[in-house]
>>> print(open('entry04.txt').read())   # compact mmCIF, C-alpha atoms
# COMPACT_ATOMS: atom_id res chain seq x y z
CA MET A 3 0.00 0.00 0.00
CA ALA A 4 2.74 2.41 1.01
CA LEU A 5 4.79 1.31 -2.01
CA SER A 6 1.99 1.97 -4.49
CA ALA A 7 1.42 5.39 -2.93
CA LEU A 8 5.12 6.24 -3.16
CA VAL A 9 5.34 5.16 -6.80
CA ALA A 10 2.27 7.23 -7.59
CA LEU A 11 3.78 10.20 -5.76
CA ALA A 12 6.95 9.88 -7.83
CA LEU A 13 4.85 9.74 -11.00
CA ALA A 14 3.15 12.94 -9.91
CA VAL A 15 6.41 14.92 -10.11
CA LEU A 16 8.04 13.06 -13.00
CA PRO A 17 9.16 15.68 -15.52
CA LEU A 18 7.08 15.58 -18.68
CA PRO A 19 7.10 17.76 -21.78
CA ALA A 20 4.94 20.85 -21.30
CA VAL A 21 2.25 19.55 -23.66
CA LEU A 22 1.77 16.36 -21.69
CA ASP A 23 2.11 18.07 -18.33
CA ALA A 24 -1.42 19.45 -18.34
CA LEU A 25 -2.72 16.03 -19.34
CA ARG A 26 -0.97 14.25 -16.46
CA PRO A 27 -3.52 12.12 -14.62
CA ASP A 28 -3.60 12.25 -10.83
CA PHE A 29 -1.92 8.90 -10.24
CA LEU A 30 -1.90 9.17 -6.47
CA VAL A 31 -5.60 10.04 -6.42
CA LEU A 32 -6.39 6.94 -8.47
CA VAL A 33 -4.30 4.77 -6.14
CA VAL A 34 -6.10 6.21 -3.11
CA PHE A 35 -9.49 5.53 -4.73
CA TYR A 36 -8.36 1.98 -5.49
CA TRP A 37 -7.51 1.32 -1.85
CA CYS A 38 -10.67 3.02 -0.62
CA ILE A 39 -12.75 0.75 -2.84
CA GLU A 40 -10.72 -2.44 -2.53
CA SER A 41 -9.96 -2.50 1.19
CA PRO A 42 -10.73 0.64 3.18
CA ARG A 43 -9.27 -1.01 6.29
CA VAL A 44 -5.80 -1.01 4.72
CA GLY A 45 -5.90 2.40 3.14
CA GLY A 46 -9.00 4.38 3.82
CA LEU A 47 -9.26 7.95 4.89
CA SER A 48 -5.95 8.18 6.71
CA LEU A 49 -4.19 7.22 3.49
CA ALA A 50 -6.32 9.75 1.61
CA PHE A 51 -5.56 12.55 4.05
CA PHE A 52 -1.82 11.98 4.26
CA SER A 53 -1.44 11.41 0.51
CA GLY A 54 -3.22 14.71 0.01
CA LEU A 55 -0.83 16.38 2.43
CA ALA A 56 2.12 14.91 0.51
CA LEU A 57 0.67 16.30 -2.73
CA ASP A 58 0.31 19.72 -1.10
CA VAL A 59 3.94 19.76 -0.07
CA ILE A 60 5.22 18.45 -3.39
CA HIS A 61 3.13 20.78 -5.50
CA GLY A 62 3.86 23.65 -3.15
CA VAL A 63 0.27 24.83 -2.84
CA VAL A 64 -1.59 25.88 0.29
CA LEU A 65 -1.34 23.10 2.89
CA GLY A 66 -4.52 21.07 3.22
CA GLN A 67 -5.91 21.70 -0.26
CA HIS A 68 -5.32 18.28 -1.78
CA ALA A 69 -5.83 16.73 1.66
CA LEU A 70 -9.34 18.16 1.85
CA ALA A 71 -10.24 17.13 -1.69
CA LEU A 72 -8.84 13.63 -1.32
CA THR A 73 -10.51 13.07 2.06
CA LEU A 74 -13.92 14.11 0.74
CA MET A 75 -13.70 12.04 -2.43
CA GLY A 76 -12.04 9.13 -0.60
CA ALA A 77 -14.96 9.07 1.83
CA TRP A 78 -17.38 9.08 -1.06
CA ALA A 79 -15.52 6.24 -2.77
CA THR A 80 -15.46 4.27 0.49
CA ASN A 81 -19.17 4.81 0.92
CA LEU A 82 -19.89 3.58 -2.61
CA ARG A 83 -17.35 0.77 -2.58
CA LEU A 84 -19.79 -2.16 -2.26
CA ARG A 85 -21.68 -0.94 -5.31
CA ILE A 86 -18.58 0.00 -7.31
CA ARG A 87 -17.07 -3.46 -6.84
CA VAL A 88 -19.93 -5.17 -8.68
CA PHE A 89 -20.07 -2.59 -11.45
CA SER A 90 -18.82 -3.39 -14.95
CA MET A 91 -15.52 -1.76 -15.89
CA LEU A 92 -17.28 0.88 -17.97
CA SER A 93 -19.52 1.98 -15.10
CA GLN A 94 -16.53 1.93 -12.77
CA CYS A 95 -14.76 4.33 -15.11
CA LEU A 96 -17.79 6.61 -15.06
CA VAL A 97 -17.88 6.60 -11.25
CA VAL A 98 -14.15 7.30 -11.12
CA PHE A 99 -14.68 10.13 -13.58
CA ALA A 100 -17.31 11.61 -11.26
CA LEU A 101 -14.99 11.23 -8.27
CA LEU A 102 -12.05 12.84 -10.10
CA THR A 103 -14.24 15.70 -11.29
CA GLY A 104 -15.40 16.24 -7.72
CA TYR A 105 -11.76 16.19 -6.63
CA GLN A 106 -10.81 18.82 -9.23
CA PHE A 107 -13.81 20.88 -8.20
CA VAL A 108 -12.72 20.97 -4.56
CA LEU A 109 -9.20 21.96 -5.68
CA PHE A 110 -10.70 24.63 -7.93
CA TRP A 111 -12.81 25.93 -5.10
CA VAL A 112 -9.91 26.10 -2.63
CA ASP A 113 -7.76 27.77 -5.33
CA GLY A 114 -10.43 30.41 -5.73
CA ALA A 115 -11.01 30.82 -2.00
CA THR A 116 -7.30 31.31 -1.29
CA GLY A 117 -6.90 33.82 -4.08
CA ASN A 118 -4.90 31.97 -6.76
CA PRO A 119 -7.60 31.07 -9.24
CA VAL A 120 -6.41 28.80 -12.05
CA THR A 121 -9.07 29.17 -14.68
CA THR A 122 -7.43 27.40 -17.61
CA PHE A 123 -9.71 24.86 -19.16
CA SER A 124 -7.01 22.19 -19.33
CA ARG A 125 -7.28 21.35 -15.63
CA TRP A 126 -10.60 19.67 -16.36
CA LEU A 127 -8.89 17.25 -18.75
CA ALA A 128 -7.17 15.34 -15.93
CA PRO A 129 -10.40 13.57 -14.81
CA PHE A 130 -10.94 12.28 -18.36
CA ILE A 131 -7.45 10.85 -18.61
CA GLY A 132 -7.66 9.50 -15.06
CA ALA A 133 -10.94 7.69 -15.78
CA LEU A 134 -9.47 6.19 -18.96
CA LEU A 135 -6.50 5.00 -16.94
CA TRP A 136 -8.60 3.33 -14.23
CA PRO A 137 -8.86 -0.15 -15.86
CA VAL A 138 -5.08 -0.16 -16.39
CA LEU A 139 -4.46 0.76 -12.77
CA VAL A 140 -6.87 -1.89 -11.47
CA SER A 141 -5.29 -4.67 -13.54
CA VAL A 142 -1.75 -3.61 -12.61
CA MET A 143 -2.61 -3.48 -8.90
CA ARG A 144 -4.29 -6.90 -9.06
CA LYS A 145 -1.27 -8.40 -10.81
CA VAL A 146 1.10 -6.96 -8.24
CA ARG A 147 -1.04 -8.05 -5.29
CA GLU A 148 -1.38 -11.61 -6.55
CA ARG A 149 2.36 -12.06 -6.38
CA MET B 19 -22.33 15.05 -0.52
CA VAL B 20 -23.95 11.68 -0.75
CA ALA B 21 -25.95 10.42 2.23
CA PHE B 22 -24.07 7.96 4.39
CA ARG B 23 -26.19 4.88 4.82
CA THR B 24 -25.75 2.44 7.60
CA GLU B 25 -24.32 -0.82 6.36
CA ALA B 26 -24.20 -4.23 7.96
CA SER B 27 -20.56 -3.68 8.86
CA GLY B 28 -21.53 -0.71 11.03
CA ARG B 29 -18.39 1.11 9.94
CA THR B 30 -20.10 3.89 8.05
CA THR B 31 -20.81 6.04 11.10
CA GLY B 32 -17.09 5.77 11.77
CA LEU B 33 -16.49 6.74 8.17
CA LEU B 34 -18.65 9.83 8.46
CA PHE B 35 -16.98 10.74 11.72
CA ARG B 36 -13.48 10.35 10.34
CA CYS B 37 -14.39 12.14 7.13
CA VAL B 38 -15.66 15.15 9.05
CA LEU B 39 -12.62 15.02 11.34
CA TYR B 40 -10.11 14.95 8.50
CA CYS B 41 -12.00 17.60 6.53
CA LEU B 42 -12.00 19.92 9.53
CA LEU B 43 -8.29 19.26 9.98
CA ALA B 44 -7.64 20.04 6.31
CA LEU B 45 -9.75 23.21 6.45
CA ALA B 46 -7.93 24.30 9.60
CA LEU B 47 -4.60 23.72 7.80
CA ILE B 48 -5.74 25.77 4.81
CA ILE B 49 -6.88 28.65 6.99
CA VAL B 50 -3.80 28.60 9.19
CA ASP B 51 -1.49 28.35 6.17
CA LYS B 52 -3.27 31.18 4.40
CA ARG B 53 -3.88 33.57 7.28
CA PHE B 54 -0.86 33.08 9.47
CA ASP B 55 2.75 32.41 8.84
CA HIS B 56 3.27 29.76 11.52
CA LEU B 57 3.35 26.83 9.14
CA GLY B 58 6.58 27.92 7.50
CA LYS B 59 8.72 25.77 9.79
CA ILE B 60 6.47 22.73 9.39
CA ARG B 61 6.44 23.15 5.63
CA ARG B 62 10.20 23.45 5.63
CA LEU B 63 10.47 20.16 7.53
CA LEU B 64 7.98 18.47 5.23
CA SER B 65 9.89 19.66 2.20
CA VAL B 66 12.96 17.88 3.59
CA VAL B 67 10.86 14.71 3.75
CA ALA B 68 9.74 15.25 0.15
CA TYR B 69 13.34 15.81 -0.99
CA PRO B 70 14.19 12.08 -1.41
CA VAL B 71 11.19 11.59 -3.70
CA GLN B 72 12.21 14.57 -5.78
CA ILE B 73 15.82 13.39 -5.90
CA ALA B 74 14.72 9.89 -6.86
CA VAL B 75 12.66 11.27 -9.73
CA ALA B 76 15.36 13.65 -10.91
CA SER B 77 18.30 11.25 -10.63
CA PRO B 78 17.70 9.13 -13.76
CA PHE B 79 17.61 12.31 -15.85
CA ASP B 80 20.68 13.70 -14.13
CA GLY B 81 22.41 10.35 -14.65
CA TRP B 82 21.53 10.42 -18.33
CA HIS B 83 22.87 13.98 -18.70
CA TRP B 84 26.03 12.97 -16.88
CA LEU B 85 26.46 9.95 -19.15
CA ARG B 86 25.87 12.04 -22.25
CA ASP B 87 28.33 14.65 -21.03
CA SER B 88 31.00 12.09 -20.27
CA VAL B 89 30.88 10.36 -23.64
CA THR B 90 30.89 13.45 -25.86
CA THR B 91 33.39 13.19 -28.66
CA ARG B 92 36.58 15.13 -29.04
CA ALA B 93 35.15 16.93 -32.05
CA ALA B 94 32.10 18.05 -30.12
CA LEU B 95 34.28 19.29 -27.29
CA ARG B 96 36.48 21.23 -29.70
CA ALA B 97 33.45 22.81 -31.34
CA ASP B 98 32.14 23.74 -27.91
CA LYS B 99 35.48 25.20 -26.94
CA SER B 100 35.79 27.41 -29.98
CA LYS B 101 32.22 28.60 -29.53
CA LEU B 102 32.86 29.44 -25.89
CA GLU B 103 36.07 31.23 -26.79
CA ALA B 104 34.24 33.35 -29.30
CA GLU B 105 31.60 34.17 -26.72
CA LEU B 106 34.28 35.00 -24.18
CA ARG B 107 35.96 37.40 -26.61
CA VAL B 108 32.72 39.27 -27.12
CA ALA B 109 32.01 39.28 -23.39
CA GLN B 110 35.48 40.58 -22.54
CA PHE B 111 35.17 43.26 -25.17
CA ARG B 112 31.98 44.41 -23.52
CA LEU B 113 33.49 44.09 -20.06
CA GLN B 114 36.31 46.48 -20.82
CA ARG B 115 34.15 49.47 -20.13
CA TYR B 116 32.15 47.85 -17.33
CA GLU B 117 34.30 48.96 -14.40
CA ALA B 118 34.31 52.54 -15.57
CA LEU B 119 30.59 52.49 -16.20
CA GLU B 120 29.84 51.02 -12.82
CA ALA B 121 31.89 53.65 -11.05
CA GLU B 122 30.12 56.31 -13.05
CA THR B 123 26.73 54.82 -12.18
CA MET B 124 27.53 54.74 -8.49
CA ARG B 125 28.63 58.36 -8.61
CA LEU B 126 25.46 59.41 -10.39
CA ARG B 127 23.35 57.39 -7.97
CA ALA B 128 25.03 59.09 -5.04
CA LEU B 129 24.35 62.45 -6.68
CA ARG B 130 20.63 61.91 -6.81
CA ASP B 131 20.29 59.79 -3.66
CA SER B 132 18.91 56.93 -5.65
CA THR B 133 17.16 54.30 -3.62
CA ALA B 134 17.70 51.54 -6.15
CA GLY B 135 19.57 48.66 -4.60
CA VAL B 136 22.83 47.40 -6.02
CA THR B 137 23.66 43.75 -6.55
CA GLU B 138 26.08 42.63 -3.92
CA ARG B 139 26.62 38.93 -4.27
CA PHE B 140 24.97 36.00 -5.89
CA VAL B 141 24.78 32.25 -5.66
CA ILE B 142 24.07 29.82 -8.50
CA GLY B 143 21.36 27.19 -8.16
CA ASP B 144 20.37 24.33 -10.44
CA VAL B 145 16.79 23.80 -11.49
CA MET B 146 15.71 20.37 -10.29
CA ASN B 147 14.16 18.12 -12.88
CA VAL B 148 10.82 18.01 -11.12
CA ASP B 149 7.48 19.20 -12.34
CA LEU B 150 5.51 21.22 -9.83
CA ASP B 151 1.93 22.23 -10.46
CA ALA B 152 1.19 22.11 -14.20
CA PHE B 153 -0.88 25.27 -14.10
CA ARG B 154 1.51 27.53 -12.26
CA GLU B 155 4.82 28.72 -13.59
CA ARG B 156 7.14 27.56 -10.85
CA VAL B 157 10.41 25.67 -10.67
CA LEU B 158 12.19 23.91 -7.84
CA VAL B 159 15.84 24.85 -7.26
CA ASP B 160 18.41 22.99 -5.21
CA LYS B 161 19.30 25.90 -2.92
CA GLY B 162 17.35 26.58 0.25
CA ALA B 163 17.34 28.35 3.58
CA GLY B 164 20.62 26.57 4.36
CA ASP B 165 22.27 28.67 1.63
CA GLY B 166 20.73 31.90 2.88
CA ILE B 167 17.98 32.07 0.26
CA TYR B 168 15.04 34.19 1.41
CA VAL B 169 11.50 34.71 0.19
CA GLY B 170 11.20 37.49 -2.37
CA GLN B 171 14.81 37.19 -3.50
CA ALA B 172 15.42 38.12 -7.13
CA VAL B 173 16.40 35.28 -9.47
CA LEU B 174 18.14 35.88 -12.81
CA ASP B 175 19.40 33.66 -15.58
CA SER B 176 21.98 34.40 -18.25
CA GLY B 177 19.41 36.23 -20.40
CA GLY B 178 17.68 38.39 -17.84
CA VAL B 179 15.22 38.38 -14.98
CA PHE B 180 13.85 34.90 -14.32
CA GLY B 181 11.59 35.37 -11.30
CA GLN B 182 11.69 35.52 -7.55
CA VAL B 183 11.78 33.10 -4.67
CA ALA B 184 8.25 32.19 -3.62
CA ARG B 185 8.92 29.66 -0.89
CA VAL B 186 12.00 28.44 0.88
CA GLY B 187 12.64 24.94 2.17
CA GLN B 188 15.69 23.82 4.10
CA LEU B 189 17.37 22.30 1.03
CA THR B 190 15.27 23.52 -1.86
CA SER B 191 13.39 26.62 -2.84
CA GLU B 192 10.55 27.36 -5.16
CA VAL B 193 10.98 30.10 -7.73
CA ILE B 194 7.97 31.80 -9.26
CA LEU B 195 8.66 32.77 -12.87
CA VAL B 196 8.00 36.26 -14.20
CA SER B 197 5.51 34.59 -16.53
CA ASP B 198 3.32 33.20 -13.72
CA ALA B 199 -0.15 34.69 -13.88
CA ALA B 200 0.20 35.79 -10.25
CA HIS B 201 3.50 37.60 -10.80
CA ALA B 202 4.15 41.25 -11.58
CA ILE B 203 7.45 43.09 -11.87
CA PRO B 204 8.17 46.84 -11.97
CA VAL B 205 9.88 47.66 -15.27
CA GLN B 206 10.80 50.61 -17.41
CA ILE B 207 11.38 50.99 -21.10
CA ASN B 208 15.08 51.37 -21.68
CA ARG B 209 14.68 53.79 -24.59
CA ASN B 210 12.67 56.49 -22.81
CA GLY B 211 12.46 55.49 -19.16
CA LEU B 212 8.69 55.00 -19.21
CA ARG B 213 7.77 53.08 -16.04
CA THR B 214 5.11 50.44 -15.78
CA VAL B 215 4.46 46.94 -14.48
CA ALA B 216 4.94 43.72 -16.46
CA VAL B 217 2.48 41.00 -15.56
CA GLY B 218 2.78 37.27 -16.24
CA THR B 219 0.27 35.47 -18.40
CA GLY B 220 0.77 31.83 -17.46
CA ASP B 221 2.55 31.31 -20.78
CA THR B 222 6.36 31.10 -20.62
CA LYS B 223 6.73 32.86 -23.95
CA ARG B 224 4.70 35.96 -23.14
CA LEU B 225 4.31 38.71 -20.54
CA LYS B 226 2.01 41.69 -20.91
CA LEU B 227 1.95 45.36 -20.00
CA PRO B 228 -1.69 45.98 -19.08
CA TYR B 229 -1.35 49.45 -17.56
CA LEU B 230 -0.08 51.62 -20.41
CA PRO B 231 -2.45 54.04 -22.15
CA THR B 232 -2.98 53.71 -25.91
CA SER B 233 -1.02 56.91 -26.39
CA ALA B 234 2.09 55.59 -24.61
CA ASP B 235 5.37 55.79 -26.48
CA VAL B 236 5.99 52.08 -26.98
CA VAL B 237 7.05 50.33 -30.16
CA ALA B 238 7.78 46.70 -30.90
CA GLY B 239 11.44 45.89 -30.22
CA ASP B 240 11.81 48.20 -27.20
CA LEU B 241 13.89 46.71 -24.41
CA LEU B 242 12.28 46.46 -20.97
CA VAL B 243 14.55 46.59 -17.93
CA THR B 244 13.83 46.34 -14.23
CA SER B 245 13.21 49.76 -12.72
CA GLY B 246 14.35 48.75 -9.26
CA LEU B 247 11.25 50.33 -7.76
CA GLY B 248 9.73 48.34 -4.95
CA GLY B 249 13.16 47.12 -3.96
CA GLY B 250 12.65 43.47 -4.87
CA PHE B 251 14.72 43.42 -8.03
CA PRO B 252 18.02 45.08 -8.83
CA ALA B 253 17.62 47.90 -11.35
CA GLY B 254 18.70 47.72 -14.96
CA TYR B 255 18.40 44.01 -15.72
CA PRO B 256 16.63 43.05 -18.95
CA VAL B 257 13.12 41.65 -18.51
CA GLY B 258 12.12 41.32 -22.15
CA THR B 259 11.48 43.02 -25.45
CA ILE B 260 8.18 44.37 -26.69
CA ALA B 261 6.81 41.83 -29.13
CA GLU B 262 3.59 43.43 -30.23
CA VAL B 263 1.60 46.58 -29.48
CA ARG B 264 -2.11 46.52 -30.26
CA ARG B 265 -3.82 49.88 -30.02
CA ASP B 266 -7.59 49.79 -30.08
CA PRO B 267 -8.84 53.40 -30.32
CA SER B 268 -12.00 52.51 -28.42
CA GLN B 269 -9.99 51.34 -25.41
CA SER B 270 -8.10 53.57 -23.03
CA LEU B 271 -5.31 51.06 -22.42
CA ALA B 272 -3.05 49.49 -25.01
CA ASP B 273 -2.63 45.74 -25.30
CA ILE B 274 1.09 45.03 -25.24
CA ASP B 275 2.88 41.68 -25.44
CA VAL B 276 6.41 41.21 -24.15
CA LYS B 277 8.79 38.43 -25.04
CA PRO B 278 10.75 37.54 -21.87
CA ALA B 279 14.52 37.93 -22.03
CA ALA B 280 15.25 34.96 -19.78
CA ALA B 281 14.96 31.46 -21.22
CA LEU B 282 12.08 30.68 -18.86
CA ASP B 283 11.43 27.19 -20.21
CA ARG B 284 15.03 26.15 -20.77
CA SER B 285 17.40 27.61 -18.17
CA LYS B 286 19.07 25.08 -15.91
CA GLU B 287 21.30 27.41 -13.88
CA LEU B 288 19.81 30.34 -12.03
CA LEU B 289 21.44 33.22 -10.16
CA PHE B 290 20.08 34.16 -6.76
CA VAL B 291 20.93 37.81 -6.19
CA TRP B 292 21.45 39.65 -2.93
CA LEU B 293 20.83 43.37 -2.96
CA LYS B 294 22.86 45.84 -0.97
CA PRO B 295 20.29 48.07 0.70
CA PRO B 296 20.84 51.67 -0.41
CA ALA B 297 23.11 53.48 1.98
CA ALA B 298 20.80 56.47 2.18
CA GLU B 299 18.04 54.39 3.74
CA LEU B 300 18.66 52.66 7.01
CA GLN B 301 16.71 49.54 6.14
CA PRO B 302 16.95 46.46 8.29
CA PRO B 303 18.85 43.82 6.31
CA PRO B 304 16.84 40.96 4.76
CA LYS B 305 15.99 38.01 6.97
CA ALA B 306 18.98 35.92 6.02
CA ALA B 307 21.59 38.64 6.34
CA PRO B 308 24.06 38.19 3.50
CA VAL B 309 27.71 37.98 4.43
CA PRO B 310 29.48 40.81 2.60
CA LYS B 311 31.80 39.48 -0.03
CA LYS B 312 35.52 40.03 0.37
>>> encode(input="entry04.txt", output="structure tokens")
Amino acid sequence: MALSALVALALAVLPLPAVLDALRPDFLVLVVFYWCIESPRVGGLSLAFFSGLALDVIHGVVLGQHALALTLMGAWATNLRLRIRVFSMLSQCLVVFALLTGYQFVLFWVDGATGNPVTTFSRWLAPFIGALLWPVLVSVMRKVRER
Amino acid sequence: MVAFRTEASGRTTGLLFRCVLYCLLALALIIVDKRFDHLGKIRRLLSVVAYPVQIAVASPFDGWHWLRDSVTTRAALRADKSKLEAELRVAQFRLQRYEALEAETMRLRALRDSTAGVTERFVIGDVMNVDLDAFRERVLVDKGAGDGIYVGQAVLDSGGVFGQVARVGQLTSEVILVSDAAHAIPVQINRNGLRTVAVGTGDTKRLKLPYLPTSADVVAGDLLVTSGLGGGFPAGYPVGTIAEVRRDPSQSLADIDVKPAAALDRSKELLFVWLKPPAAELQPPPKAAPVPKK
């Protein structure tokens, strides 16, 4: 669990060309959702909160921003987990898309409330990419955990 | 927020409780971080914790650069050498008059009690190969509070003004580029001394001058230099050149694009500059008091 979070955190700061940078999916957020859905006892809200805090420090934004967004959406994912688990992959992607959009919205809101609004449209692309990446993440995590 | 239903496991009330707890904690952090300055120390500590991750991400790229540098051919090195020699010749030619000019400038400054600060010493930092937020123009540099870097310090690169220090960690610091949408820098036009403020756009290739009237004497190609007003930046360093001036007669302000002088998206080495506070003003020295050179 800690390993997957660390890898995702490293992916979050991996240098990418400027064009791809805006399209970078929130890897750590996806990993947190995965643990919230798969086994909230292992990960759960503490993982969500502290991963969010790590993102705040690494991205150098106001402390607590990502933590708040991840906690809220992590709680939602945990609450829906029994239903999400029996969903088909397509519906899972849709739910993840909703969660990621909610996550971006909380970030957007905190950005605005703290006086650094980022109004570029490209920030709303990340949920799309993230949702498309969900099946890949799930299969990779399953493979790794079966070992 | 979705309603939390009770499940057979009976853990959902705990979930709601913990969710509210963590959210309150996060909100408290946001407010404290925004309103007060007490979190600086904590953030500094946390940034030390984050350092290994950043190093781990940057190291393969650094390793690759090192490898590429160490296996360059003799021919490439020779070409490099002759290019550098040519550059050095030009630079030395320009430098010949520098001492005299500087002395003259200081004399003139003293004459009119100028308050513009003078560069005293500098330290070179490397940009770390780490992407910060994709939507803000910031870079992470491998010099921090341990090297005496302070918040608000001016940062230059070989071409001109790069930005200023936005946040300081123990080992690293975050530099906000002049092109960040939240950044503004006092400038003047070198040709006629017209003062204004250059504002970032969020695009590394473009700044803008939003506060000049349509009648202002600005033409494309004019050089913009720092005015030194406000005391943050040393005076006289190039910020950019005017790229385009659009004058709409129905508007009172002109729409002016500036091409930044610094290589904002390419520079690897940055100069952190310390300013000598003007002698006329008895200012307290900056937080991390610079040790006078010599």
>>> closest_residue(input="entry04.txt", among="B:Gly211, B:Gly32, B:Pro256, B:Gly164", to="chain A", atoms="only C-alpha atoms")
B:Gly32
>>> interface_residues(input="entry04.txt", of="chain A", to="chain B", cutoff="9 Å", atoms="all atoms listed in the file", output="JSON, numbers by chain")
{"A": [8, 11, 12, 13, 14, 15, 16, 17, 18, 20, 23, 24, 25, 26, 46, 47, 48, 51, 55, 56, 59, 60, 61, 62, 63, 64, 65, 66, 67, 68, 69, 70, 71, 73, 74, 76, 77, 78, 80, 81, 112, 116, 118, 120, 122, 124, 125]}
>>> closest_residue(input="entry04.txt", among="B:Val141, B:Leu189, B:Leu63, B:Leu227", to="Leu288 (chain B)", atoms="only C-alpha atoms")
B:Val141
>>> atom_distance(input="entry04.txt", atom1="CA of Pro27 (chain A)", atom2="CA of Ile194 (chain B)")
23.4 Å
>>> atom_distance(input="entry04.txt", atom1="CA of Trp37 (chain A)", atom2="CA of Phe123 (chain A)")
29.3 Å
>>> residues_around(input="entry04.txt", residues="Leu134 (chain A)", least_positions_apart="3", cutoff="10 Å", atoms="only C-alpha atoms", output="ChimeraX atom specification")
/A:27,92,95-96,98-99,128-131,137-139
>>> atom_distance(input="entry04.txt", atom1="CA of Phe29 (chain A)", atom2="CA of Pro42 (chain A)")
18.1 Å
>>> closest_residue(input="entry04.txt", among="B:Asp98, B:Glu155, B:Asp175, B:Asp80", to="Glu287 (chain B)", atoms="only C-alpha atoms")
B:Asp175
